[in-house]
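Peer 1: My structure is in my_file36.csv, and what it holds is CSV, C-alpha atoms:
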chain,number,residue,atom,x,y,z
U,1,MET,CA,8.0,-2.0,32.8
U,2,PRO,CA,10.1,-2.3,29.6
U,3,THR,CA,11.2,0.7,27.7
U,4,ASP,CA,8.6,1.9,25.2
U,5,HIS,CA,10.4,2.4,21.9
U,6,SER,CA,7.3,3.9,20.2
U,7,LYS,CA,8.0,7.2,18.6
U,8,VAL,CA,7.1,9.9,16.1
U,9,LEU,CA,9.8,10.6,13.5
U,10,GLU,CA,9.2,14.1,12.2
U,11,GLY,CA,9.1,14.7,8.5
U,12,ARG,CA,9.4,18.1,6.9
U,13,ASP,CA,9.8,19.0,3.2
U,14,PHE,CA,10.5,15.4,2.2
U,15,ARG,CA,13.3,15.1,4.7
U,16,TRP,CA,13.5,13.5,8.1
U,17,PRO,CA,15.9,15.5,10.3
U,18,ASP,CA,16.5,12.6,12.7
U,19,VAL,CA,17.7,10.1,10.1
U,20,ALA,CA,20.8,10.2,7.9
U,21,LEU,CA,20.6,11.2,4.3
U,22,ARG,CA,22.6,8.7,2.3
U,23,SER,CA,23.7,8.2,-1.2
U,24,TYR,CA,21.9,5.3,-2.9
U,25,LYS,CA,24.8,3.1,-4.0
U,26,ALA,CA,28.3,3.3,-5.3
U,27,ALA,CA,28.4,6.0,-8.0
U,28,SER,CA,29.3,3.6,-10.7
U,29,ALA,CA,26.3,1.5,-10.5
U,30,GLY,CA,24.2,2.8,-13.3
U,31,HIS,CA,22.0,5.3,-11.5
U,32,ALA,CA,21.9,9.1,-11.2
U,33,GLY,CA,20.6,11.6,-8.6
U,34,VAL,CA,19.3,9.2,-6.0
U,35,THR,CA,19.3,9.7,-2.2
U,36,ARG,CA,18.0,7.4,0.5
U,37,GLN,CA,16.7,7.7,4.0
U,38,THR,CA,15.9,4.7,6.2
U,39,LEU,CA,12.9,5.8,8.2
U,40,LEU,CA,12.0,2.8,10.3
U,41,GLY,CA,13.1,-0.8,10.7
U,42,ASP,CA,16.9,-0.4,11.2
U,43,GLY,CA,17.1,1.7,14.4
U,44,PRO,CA,17.6,0.9,18.0
U,45,GLY,CA,14.4,-0.5,19.6
U,46,GLU,CA,13.0,-1.5,16.2
U,47,ASP,CA,14.0,-5.1,16.3
U,48,ALA,CA,10.3,-6.2,16.3
U,49,LEU,CA,10.0,-4.9,12.7
U,50,THR,CA,10.5,-7.6,10.0
U,51,PHE,CA,10.4,-4.9,7.3
U,52,VAL,CA,12.3,-1.7,6.6
U,53,THR,CA,10.7,1.5,5.4
U,54,ARG,CA,12.9,3.8,3.3
U,55,TYR,CA,12.4,7.0,1.4
U,56,PHE,CA,14.1,7.4,-1.9
U,57,GLU,CA,14.3,10.6,-3.9
U,58,ILE,CA,15.4,10.8,-7.5
U,59,ALA,CA,16.4,14.2,-8.8
U,60,PRO,CA,14.8,15.5,-12.0
U,61,GLY,CA,16.1,13.5,-14.9
U,62,GLY,CA,17.6,10.9,-12.6
U,63,TYR,CA,17.0,7.2,-12.4
U,64,SER,CA,17.6,4.2,-10.1
U,65,SER,CA,19.5,1.1,-11.0
U,66,LEU,CA,18.0,-1.3,-13.5
U,67,GLU,CA,18.0,-4.5,-11.4
U,68,HIS,CA,16.1,-7.5,-10.1
U,69,HIS,CA,16.1,-9.5,-6.9
U,70,ARG,CA,14.0,-12.2,-5.2
U,71,HIS,CA,12.5,-10.0,-2.5
U,72,PRO,CA,9.4,-8.0,-3.5
U,73,HIS,CA,9.1,-4.2,-3.2
U,74,VAL,CA,6.2,-2.1,-2.1
U,75,VAL,CA,6.5,1.5,-3.3
U,76,VAL,CA,4.2,4.4,-2.6
U,77,VAL,CA,4.9,7.6,-4.5
U,78,VAL,CA,4.7,10.7,-2.3
U,79,ARG,CA,6.4,13.4,-4.4
U,80,GLY,CA,6.7,14.5,-8.0
U,81,ARG,CA,6.3,12.5,-11.1
U,82,GLY,CA,8.1,9.9,-13.1
U,83,ALA,CA,7.9,6.4,-14.5
U,84,VAL,CA,8.6,2.9,-13.5
U,85,ARG,CA,9.8,0.1,-15.7
U,86,LEU,CA,8.4,-3.3,-14.7
U,87,GLY,CA,9.8,-6.0,-17.0
U,88,GLU,CA,9.0,-4.9,-20.5
U,89,ARG,CA,6.4,-2.3,-19.4
U,90,THR,CA,7.0,1.3,-18.5
U,91,MET,CA,4.2,3.2,-16.7
U,92,PRO,CA,3.9,6.8,-15.4
U,93,VAL,CA,3.7,7.3,-11.7
U,94,ALA,CA,2.4,10.2,-9.5
U,95,PRO,CA,1.8,10.7,-5.8
U,96,LEU,CA,-0.3,8.0,-4.1
U,97,ASP,CA,0.3,5.5,-6.9
U,98,CYS,CA,1.5,2.2,-5.4
U,99,VAL,CA,3.9,-0.1,-7.2
U,100,TYR,CA,4.3,-3.8,-6.5
U,101,VAL,CA,7.5,-5.2,-7.8
U,102,ALA,CA,7.1,-8.9,-7.7
U,103,PRO,CA,10.1,-11.2,-7.1
U,104,GLY,CA,12.4,-11.3,-10.1
U,105,THR,CA,10.9,-8.5,-12.0
U,106,VAL,CA,13.5,-6.2,-13.7
U,107,HIS,CA,12.7,-2.7,-12.5
U,108,GLN,CA,13.9,0.9,-12.6
U,109,PHE,CA,12.5,4.2,-11.5
U,110,HIS,CA,12.9,7.4,-13.5
U,111,ALA,CA,12.1,10.9,-12.3
U,112,ALA,CA,10.5,13.3,-14.8
U,113,THR,CA,12.9,15.8,-16.4
U,114,ASP,CA,11.4,18.7,-14.5
U,115,GLU,CA,10.4,17.2,-11.2
U,116,PRO,CA,12.0,14.9,-8.6
U,117,LEU,CA,10.4,11.6,-7.8
U,118,GLY,CA,10.1,10.7,-4.1
U,119,PHE,CA,8.7,7.4,-2.9
U,120,LEU,CA,8.5,5.3,0.2
U,121,CYS,CA,9.8,1.7,-0.4
U,122,VAL,CA,9.1,-1.1,2.1
U,123,VAL,CA,11.2,-4.3,1.9
U,124,ASP,CA,11.9,-7.3,4.2
U,125,ARG,CA,14.6,-6.6,6.6
U,126,VAL,CA,16.3,-9.9,5.6
U,127,ARG,CA,16.6,-9.9,1.8
U,128,ASP,CA,18.8,-10.9,-1.1
U,129,ARG,CA,21.1,-8.4,-2.9
U,130,PRO,CA,19.9,-6.7,-6.0
U,131,GLN,CA,21.3,-8.0,-9.3
U,132,PRO,CA,22.2,-5.3,-11.8
U,133,VAL,CA,20.9,-5.7,-15.3
U,134,THR,CA,22.8,-4.4,-18.4
U,135,GLU,CA,20.8,-3.5,-21.4
U,136,ASP,CA,21.9,-5.2,-24.6
W,1,MET,CA,8.0,-17.8,-18.1
W,2,PRO,CA,5.9,-17.3,-15.0
W,3,THR,CA,3.3,-14.6,-14.8
W,4,ASP,CA,4.7,-11.2,-13.7
W,5,HIS,CA,2.4,-9.9,-10.9
W,6,SER,CA,4.1,-6.6,-10.7
W,7,LYS,CA,1.8,-3.7,-11.1
W,8,VAL,CA,1.0,0.0,-10.6
W,9,LEU,CA,-2.1,0.7,-8.4
W,10,GLU,CA,-3.3,4.1,-9.2
W,11,GLY,CA,-4.1,6.5,-6.4
W,12,ARG,CA,-6.1,9.7,-6.8
W,13,ASP,CA,-7.4,12.1,-4.2
W,14,PHE,CA,-6.5,9.7,-1.4
W,15,ARG,CA,-8.5,6.9,-2.9
W,16,TRP,CA,-7.4,3.9,-4.9
W,17,PRO,CA,-10.2,3.0,-7.3
W,18,ASP,CA,-9.0,-0.6,-7.8
W,19,VAL,CA,-9.3,-1.5,-4.1
W,20,ALA,CA,-12.4,-1.7,-1.9
W,21,LEU,CA,-13.1,1.0,0.6
W,22,ARG,CA,-14.0,-0.7,3.9
W,23,SER,CA,-15.2,0.4,7.2
W,24,TYR,CA,-12.7,0.0,9.9
W,25,LYS,CA,-14.3,-2.3,12.4
W,26,ALA,CA,-17.6,-3.0,13.9
W,27,ALA,CA,-19.4,0.2,14.6
W,28,SER,CA,-19.5,-0.4,18.4
W,29,ALA,CA,-15.7,-0.7,18.8
W,30,GLY,CA,-14.9,2.7,20.3
W,31,HIS,CA,-13.9,4.5,17.1
W,32,ALA,CA,-15.5,7.1,14.8
W,33,GLY,CA,-15.2,8.1,11.2
W,34,VAL,CA,-12.5,5.6,10.0
W,35,THR,CA,-12.2,4.0,6.6
W,36,ARG,CA,-9.6,1.5,5.4
W,37,GLN,CA,-8.2,0.4,2.1
W,38,THR,CA,-5.8,-2.5,1.8
W,39,LEU,CA,-3.4,-1.4,-0.9
W,40,LEU,CA,-0.9,-4.2,-1.3
W,41,GLY,CA,-0.2,-7.5,0.5
W,42,ASP,CA,-3.5,-9.3,0.4
W,43,GLY,CA,-4.3,-9.5,-3.3
W,44,PRO,CA,-3.8,-12.2,-5.9
W,45,GLY,CA,-0.2,-12.6,-6.9
W,46,GLU,CA,1.1,-10.8,-3.8
W,47,ASP,CA,1.9,-13.9,-1.8
W,48,ALA,CA,5.6,-13.0,-1.7
W,49,LEU,CA,4.8,-10.1,0.6
W,50,THR,CA,5.2,-10.8,4.3
W,51,PHE,CA,3.6,-7.4,5.1
W,52,VAL,CA,0.4,-5.6,4.3
W,53,THR,CA,0.2,-1.9,3.3
W,54,ARG,CA,-3.1,-0.2,4.2
W,55,TYR,CA,-4.4,3.3,4.0
W,56,PHE,CA,-6.6,4.6,6.9
W,57,GLU,CA,-8.5,7.8,6.9
W,58,ILE,CA,-10.1,9.3,9.9
W,59,ALA,CA,-12.7,12.0,9.3
W,60,PRO,CA,-12.4,15.4,11.1
W,61,GLY,CA,-13.0,14.9,14.8
W,62,GLY,CA,-12.8,11.1,14.5
W,63,TYR,CA,-10.5,8.6,16.1
W,64,SER,CA,-9.3,5.0,15.9
W,65,SER,CA,-9.7,2.4,18.6
W,66,LEU,CA,-7.6,2.7,21.7
W,67,GLU,CA,-5.8,-0.7,21.6
W,68,HIS,CA,-2.6,-2.6,21.9
W,69,HIS,CA,-1.2,-5.7,20.2
W,70,ARG,CA,2.1,-7.6,20.0
W,71,HIS,CA,2.7,-6.8,16.3
W,72,PRO,CA,4.4,-3.4,15.6
W,73,HIS,CA,2.9,-0.7,13.4
W,74,VAL,CA,4.7,1.5,10.9
W,75,VAL,CA,2.6,4.6,10.0
W,76,VAL,CA,3.4,7.3,7.6
W,77,VAL,CA,1.0,10.3,7.6
W,78,VAL,CA,0.1,11.5,4.1
W,79,ARG,CA,-3.0,13.7,4.6
W,80,GLY,CA,-4.3,16.3,7.1
W,81,ARG,CA,-3.4,16.7,10.7
W,82,GLY,CA,-4.1,15.0,14.0
W,83,ALA,CA,-2.5,13.4,17.0
W,84,VAL,CA,-1.3,10.0,18.1
W,85,ARG,CA,-1.4,8.6,21.6
W,86,LEU,CA,1.5,6.3,22.4
W,87,GLY,CA,1.2,5.0,25.9
W,88,GLU,CA,0.8,8.0,28.2
W,89,ARG,CA,2.2,10.4,25.6
W,90,THR,CA,0.1,12.3,22.9
W,91,MET,CA,1.9,13.9,20.0
W,92,PRO,CA,0.8,16.0,17.0
W,93,VAL,CA,1.2,14.4,13.6
W,94,ALA,CA,1.3,15.9,10.1
W,95,PRO,CA,2.2,14.7,6.6
W,96,LEU,CA,5.4,12.8,6.3
W,97,ASP,CA,5.7,12.2,10.0
W,98,CYS,CA,6.4,8.5,10.7
W,99,VAL,CA,5.1,6.7,13.7
W,100,TYR,CA,6.5,3.5,15.2
W,101,VAL,CA,4.1,1.7,17.5
W,102,ALA,CA,6.2,-0.8,19.4
W,103,PRO,CA,4.8,-4.1,20.5
W,104,GLY,CA,2.4,-3.7,23.4
W,105,THR,CA,2.1,0.1,23.3
W,106,VAL,CA,-1.4,1.3,23.8
W,107,HIS,CA,-2.2,3.7,20.9
W,108,GLN,CA,-4.9,5.7,19.2
W,109,PHE,CA,-5.0,8.1,16.3
W,110,HIS,CA,-7.2,11.2,16.3
W,111,ALA,CA,-7.9,13.5,13.4
W,112,ALA,CA,-8.0,17.2,14.0
W,113,THR,CA,-11.5,18.7,14.3
W,114,ASP,CA,-11.2,20.6,11.0
W,115,GLU,CA,-9.2,18.2,8.9
W,116,PRO,CA,-9.1,14.4,8.1
W,117,LEU,CA,-6.1,12.4,9.1
W,118,GLY,CA,-4.9,10.0,6.4
W,119,PHE,CA,-2.0,7.6,6.9
W,120,LEU,CA,-0.3,4.5,5.4
W,121,CYS,CA,0.0,1.7,7.9
W,122,VAL,CA,2.3,-1.3,7.3
W,123,VAL,CA,1.9,-4.5,9.4
W,124,ASP,CA,3.0,-8.1,9.2
W,125,ARG,CA,0.6,-10.2,7.2
W,126,VAL,CA,0.5,-12.7,10.1
W,127,ARG,CA,-0.2,-10.9,13.3
W,128,ASP,CA,-2.2,-11.0,16.5
W,129,ARG,CA,-5.6,-9.5,17.0
W,130,PRO,CA,-5.8,-6.0,18.6
W,131,GLN,CA,-6.9,-5.9,22.2
W,132,PRO,CA,-9.2,-3.0,23.0
W,133,VAL,CA,-8.4,-0.8,26.0
W,134,THR,CA,-11.1,0.8,28.1
W,135,GLU,CA,-10.2,4.1,29.9
W,136,ASP,CA,-10.8,4.1,33.6
Mind converting the file's structure to C-alpha cells?
Peer 2:
Amino acid sequence: MPTDHSKVLEGRDFRWPDVALRSYKAASAGHAGVTRQTLLGDGPGEDALTFVTRYFEIAPGGYSSLEHHRHPHVVVVVRGRGAVRLGERTMPVAPLDCVYVAPGTVHQFHAATDEPLGFLCVVDRVRDRPQPVTED
Amino acid sequence: MPTDHSKVLEGRDFRWPDVALRSYKAASAGHAGVTRQTLLGDGPGEDALTFVTRYFEIAPGGYSSLEHHRHPHVVVVVRGRGAVRLGERTMPVAPLDCVYVAPGTVHQFHAATDEPLGFLCVVDRVRDRPQPVTED
C-alpha cells in the first residue's frame, strides 16, 4: 500500500508551527509589513495538488506590492480589516470576504491602520511572475 | 479594454449572500446536516480559475459522506470544532487547521456534538466523482 500523505496541519493564532514564516519579497519591492506562510501545495507528498494555498499577513498600516500577472488569485480574508485595490476600484475587506483577482488586474492589499489583515490566497502551482506597477 | 471580472464577494456570519446555499448531496448518501456554498471558480468570468473554492458547514452532530476519490482536497477550518477521518486515523480539527486529503484516502468530516464545523475546501475544477465507502 502506498504511503498516505494526508495530514492535518495545525493552525494556532494565525500561525502554522509546522511551516516556515517567510518574508514576502525583497524589501525594496514597494510593500511593507507582509509575511507569508505556504500551507499546502509545495510540501513533500503534495505533488497531486495543482494549486498552492498560502497565508499572508499584513501588519497594521502595511500593504502588498501593487502588481499584476496573468494567473488569477483567490483570496479569503480570515483576520482583521483592510482594503483591496482592484484596477481603479478600492473596496473594504473583512473576515470571510472573498476576493477574485482576474488575470491582468492590477491589485494591492492594504491593512487597516489599527489592525492586521490576514488572508488565505490560492494560486496555480505553475504561474507567471508578478509584474510590479509604478504609480505615475 | 476587456471586462475586469475581479470582485469582492462579501461574507457575513459564515454565509455569502451572493451565492446559493445548497444541500450537499442526495439525502440518502450517508451524511447529515451538511450545506455547501460555491464561493469562487464556477461563476461567470471565473473561467481562468482551474480550482473551485467551496464552503461546507456541518451542523452539530452531523457528518459528511465517507468517501474517496483521486482528486486531492485542501481544507481550511474556519468555524467550530470537529474531527476528520483520514484512512484509519481520526484527528480533531479547529479553526485554522488545514487538512490535506491525498488522492485515494478515505475521509469523512464530523462536527462536534455542540458546535457546527465550517471549512473552506479547494478542489480542481475538473475532477473525478467521489466513491462512497460502506463500513463493514
Peer 1: Using all atoms listed in the file, which residue out of W:Val93, W:Leu120, W:Val84, W:Val99 lies closest to chain U?
Peer 2: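 Distance minimum relative to chain U lands on W:Val99.
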Peer 1: So how many Å separate CA of Glu67 (chain W) and CA of Val122 (chain U), to one decimal?
Peer 2: 24.5 Å
Peer 1: From the set U:Thr105, U:Gln131, U:Thr53, U:Ser6, which residue has the shortest atom-to-atom contact distance to Glu88 (chain W), counting all atoms listed in the file?
Peer 2: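 Nearest candidate to Glu88 (chain W) out of U:Thr105, U:Gln131, U:Thr53, U:Ser6: U:Ser6.
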Peer 1: Work out how far apart CA of His71 (chain W) and CA of Asp124 (chain W) are and give it in Å to one decimal.
Peer 2: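 Value for the CA of His71 (chain W)-CA of Asp124 (chain W) distance: 7.2 Å.
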Peer 1: Which value, in Å to one decimal, gives the distance between CA of Tyr100 (chain W) and CA of Leu49 (chain U)?
Peer 2: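 Between CA of Tyr100 (chain W) and CA of Leu49 (chain U) the gap works out to 9.4 Å.
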Peer 1: Dump as an MDAnalysis selection string the residues of chain U that approach chain W to within 6 Å, counting all atoms listed in the file.
Peer 2: chainID U and resid 5:11 96:102
Peer 1: So which residues touch region 58-66 of chain W within 8 Å, counting all atoms listed in the file, skipping near sequence neighbours fewer than 2 positions away, as a VMD selection string?
Peer 2: chain W and resid 29 to 35 56 68 106 to 118 132 to 134
Peer 1: Could you write those residues out with C-alpha atoms, as an mmCIF file, in the coordinates of the input?
Peer 2:
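Done, and the output landed in result-v6.cif:
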data_model
loop_
_atom_site.group_PDB
_atom_site.id
_atom_site.type_symbol
_atom_site.label_atom_id
_atom_site.label_comp_id
_atom_site.auth_asym_id
_atom_site.auth_seq_id
_atom_site.Cartn_x
_atom_site.Cartn_y
_atom_site.Cartn_z
ATOM 1 C CA ALA W 29 -15.700 -0.700 18.800
ATOM 2 C CA GLY W 30 -14.900 2.700 20.300
ATOM 3 C CA HIS W 31 -13.900 4.500 17.100
ATOM 4 C CA ALA W 32 -15.500 7.100 14.800
ATOM 5 C CA GLY W 33 -15.200 8.100 11.200
ATOM 6 C CA VAL W 34 -12.500 5.600 10.000
ATOM 7 C CA THR W 35 -12.200 4.000 6.600
ATOM 8 C CA PHE W 56 -6.600 4.600 6.900
ATOM 9 C CA HIS W 68 -2.600 -2.600 21.900
ATOM 10 C CA VAL W 106 -1.400 1.300 23.800
ATOM 11 C CA HIS W 107 -2.200 3.700 20.900
ATOM 12 C CA GLN W 108 -4.900 5.700 19.200
ATOM 13 C CA PHE W 109 -5.000 8.100 16.300
ATOM 14 C CA HIS W 110 -7.200 11.200 16.300
ATOM 15 C CA ALA W 111 -7.900 13.500 13.400
ATOM 16 C CA ALA W 112 -8.000 17.200 14.000
ATOM 17 C CA THR W 113 -11.500 18.700 14.300
ATOM 18 C CA ASP W 114 -11.200 20.600 11.000
ATOM 19 C CA GLU W 115 -9.200 18.200 8.900
ATOM 20 C CA PRO W 116 -9.100 14.400 8.100
ATOM 21 C CA LEU W 117 -6.100 12.400 9.100
ATOM 22 C CA GLY W 118 -4.900 10.000 6.400
ATOM 23 C CA PRO W 132 -9.200 -3.000 23.000
ATOM 24 C CA VAL W 133 -8.400 -0.800 26.000
ATOM 25 C CA THR W 134 -11.100 0.800 28.100
#
Peer 1: Pop region 24-50 of chain W out of the structure in the block and write N, CA, C and O atoms as an mmCIF file, in the first residue's frame.
Peer 2:
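Okay, this is what ended up in result00.cif:
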data_model
loop_
_atom_site.group_PDB
_atom_site.id
_atom_site.type_symbol
_atom_site.label_atom_id
_atom_site.label_comp_id
_atom_site.auth_asym_id
_atom_site.auth_seq_id
_atom_site.Cartn_x
_atom_site.Cartn_y
_atom_site.Cartn_z
ATOM 1 N N TYR W 24 -25.906 19.361 0.315
ATOM 2 C CA TYR W 24 -24.616 18.765 -0.014
ATOM 3 C C TYR W 24 -24.737 17.706 -1.103
ATOM 4 O O TYR W 24 -24.082 17.765 -2.133
ATOM 5 N N LYS W 25 -25.589 16.761 -0.895
ATOM 6 C CA LYS W 25 -25.778 15.658 -1.831
ATOM 7 C C LYS W 25 -27.175 15.122 -1.619
ATOM 8 O O LYS W 25 -27.895 15.588 -0.739
ATOM 9 N N ALA W 26 -27.542 14.134 -2.357
ATOM 10 C CA ALA W 26 -28.839 13.498 -2.142
ATOM 11 C C ALA W 26 -28.940 13.034 -0.686
ATOM 12 O O ALA W 26 -27.951 12.592 -0.092
ATOM 13 N N ALA W 27 -30.118 13.162 -0.125
ATOM 14 C CA ALA W 27 -30.295 12.939 1.312
ATOM 15 C C ALA W 27 -29.968 11.520 1.753
ATOM 16 O O ALA W 27 -29.736 11.268 2.931
ATOM 17 N N SER W 28 -29.895 10.598 0.818
ATOM 18 C CA SER W 28 -29.686 9.195 1.189
ATOM 19 C C SER W 28 -28.219 8.807 1.233
ATOM 20 O O SER W 28 -27.878 7.670 1.491
ATOM 21 N N ALA W 29 -27.331 9.750 0.994
ATOM 22 C CA ALA W 29 -25.941 9.382 0.727
ATOM 23 C C ALA W 29 -25.061 9.243 1.953
ATOM 24 O O ALA W 29 -23.851 9.406 1.873
ATOM 25 N N GLY W 30 -25.617 8.947 3.119
ATOM 26 C CA GLY W 30 -24.764 8.649 4.264
ATOM 27 C C GLY W 30 -24.127 9.859 4.897
ATOM 28 O O GLY W 30 -22.997 9.808 5.358
ATOM 29 N N HIS W 31 -24.854 10.965 4.926
ATOM 30 C CA HIS W 31 -24.325 12.160 5.565
ATOM 31 C C HIS W 31 -25.478 12.826 6.295
ATOM 32 O O HIS W 31 -26.631 12.453 6.130
ATOM 33 N N ALA W 32 -25.170 13.849 7.089
ATOM 34 C CA ALA W 32 -26.219 14.508 7.866
ATOM 35 C C ALA W 32 -25.839 15.945 8.162
ATOM 36 O O ALA W 32 -24.730 16.216 8.627
ATOM 37 N N GLY W 33 -26.758 16.865 7.856
ATOM 38 C CA GLY W 33 -26.603 18.244 8.305
ATOM 39 C C GLY W 33 -25.544 19.040 7.585
ATOM 40 O O GLY W 33 -24.904 19.906 8.185
ATOM 41 N N VAL W 34 -25.353 18.793 6.292
ATOM 42 C CA VAL W 34 -24.275 19.465 5.563
ATOM 43 C C VAL W 34 -24.853 20.431 4.531
ATOM 44 O O VAL W 34 -25.740 20.062 3.758
ATOM 45 N N THR W 35 -24.342 21.670 4.524
ATOM 46 C CA THR W 35 -24.676 22.622 3.461
ATOM 47 C C THR W 35 -23.402 23.012 2.723
ATOM 48 O O THR W 35 -22.297 22.889 3.241
ATOM 49 N N ARG W 36 -23.591 23.520 1.513
ATOM 50 C CA ARG W 36 -22.461 23.864 0.651
ATOM 51 C C ARG W 36 -22.699 25.198 -0.027
ATOM 52 O O ARG W 36 -23.813 25.473 -0.469
ATOM 53 N N GLN W 37 -21.671 26.020 -0.106
ATOM 54 C CA GLN W 37 -21.715 27.219 -0.941
ATOM 55 C C GLN W 37 -20.461 27.236 -1.813
ATOM 56 O O GLN W 37 -19.350 27.079 -1.301
ATOM 57 N N THR W 38 -20.655 27.418 -3.105
ATOM 58 C CA THR W 38 -19.509 27.537 -4.003
ATOM 59 C C THR W 38 -19.158 29.006 -4.099
ATOM 60 O O THR W 38 -19.936 29.819 -4.595
ATOM 61 N N LEU W 39 -17.973 29.364 -3.576
ATOM 62 C CA LEU W 39 -17.610 30.774 -3.445
ATOM 63 C C LEU W 39 -17.001 31.311 -4.736
ATOM 64 O O LEU W 39 -17.438 32.339 -5.246
ATOM 65 N N LEU W 40 -16.009 30.638 -5.249
ATOM 66 C CA LEU W 40 -15.329 31.113 -6.460
ATOM 67 C C LEU W 40 -14.878 29.917 -7.291
ATOM 68 O O LEU W 40 -14.466 28.897 -6.744
ATOM 69 N N GLY W 41 -14.955 30.077 -8.601
ATOM 70 C CA GLY W 41 -14.421 29.063 -9.501
ATOM 71 C C GLY W 41 -15.441 28.513 -10.472
ATOM 72 O O GLY W 41 -15.065 27.861 -11.455
ATOM 73 N N ASP W 42 -16.703 28.784 -10.207
ATOM 74 C CA ASP W 42 -17.772 28.260 -11.064
ATOM 75 C C ASP W 42 -18.606 29.368 -11.689
ATOM 76 O O ASP W 42 -19.529 29.083 -12.443
ATOM 77 N N GLY W 43 -18.335 30.613 -11.346
ATOM 78 C CA GLY W 43 -19.208 31.703 -11.773
ATOM 79 C C GLY W 43 -18.807 32.317 -13.098
ATOM 80 O O GLY W 43 -17.735 32.026 -13.636
ATOM 81 N N PRO W 44 -19.663 33.203 -13.626
ATOM 82 C CA PRO W 44 -19.337 33.892 -14.873
ATOM 83 C C PRO W 44 -18.078 34.741 -14.690
ATOM 84 O O PRO W 44 -17.894 35.384 -13.657
ATOM 85 N N GLY W 45 -17.203 34.717 -15.684
ATOM 86 C CA GLY W 45 -15.972 35.494 -15.619
ATOM 87 C C GLY W 45 -14.861 34.829 -14.833
ATOM 88 O O GLY W 45 -13.784 35.398 -14.686
ATOM 89 N N GLU W 46 -15.118 33.620 -14.311
ATOM 90 C CA GLU W 46 -14.113 32.951 -13.481
ATOM 91 C C GLU W 46 -13.453 31.767 -14.199
ATOM 92 O O GLU W 46 -12.878 30.878 -13.568
ATOM 93 N N ASP W 47 -13.539 31.775 -15.524
ATOM 94 C CA ASP W 47 -13.007 30.655 -16.311
ATOM 95 C C ASP W 47 -11.505 30.477 -16.149
ATOM 96 O O ASP W 47 -10.970 29.391 -16.404
ATOM 97 N N ALA W 48 -10.808 31.540 -15.752
ATOM 98 C CA ALA W 48 -9.352 31.440 -15.609
ATOM 99 C C ALA W 48 -8.953 30.563 -14.426
ATOM 100 O O ALA W 48 -7.804 30.138 -14.333
ATOM 101 N N LEU W 49 -9.901 30.309 -13.527
ATOM 102 C CA LEU W 49 -9.581 29.501 -12.342
ATOM 103 C C LEU W 49 -9.642 28.018 -12.684
ATOM 104 O O LEU W 49 -10.643 27.534 -13.217
ATOM 105 N N THR W 50 -8.589 27.295 -12.330
ATOM 106 C CA THR W 50 -8.562 25.847 -12.541
ATOM 107 C C THR W 50 -9.047 25.113 -11.298
ATOM 108 O O THR W 50 -9.133 23.888 -11.300
#
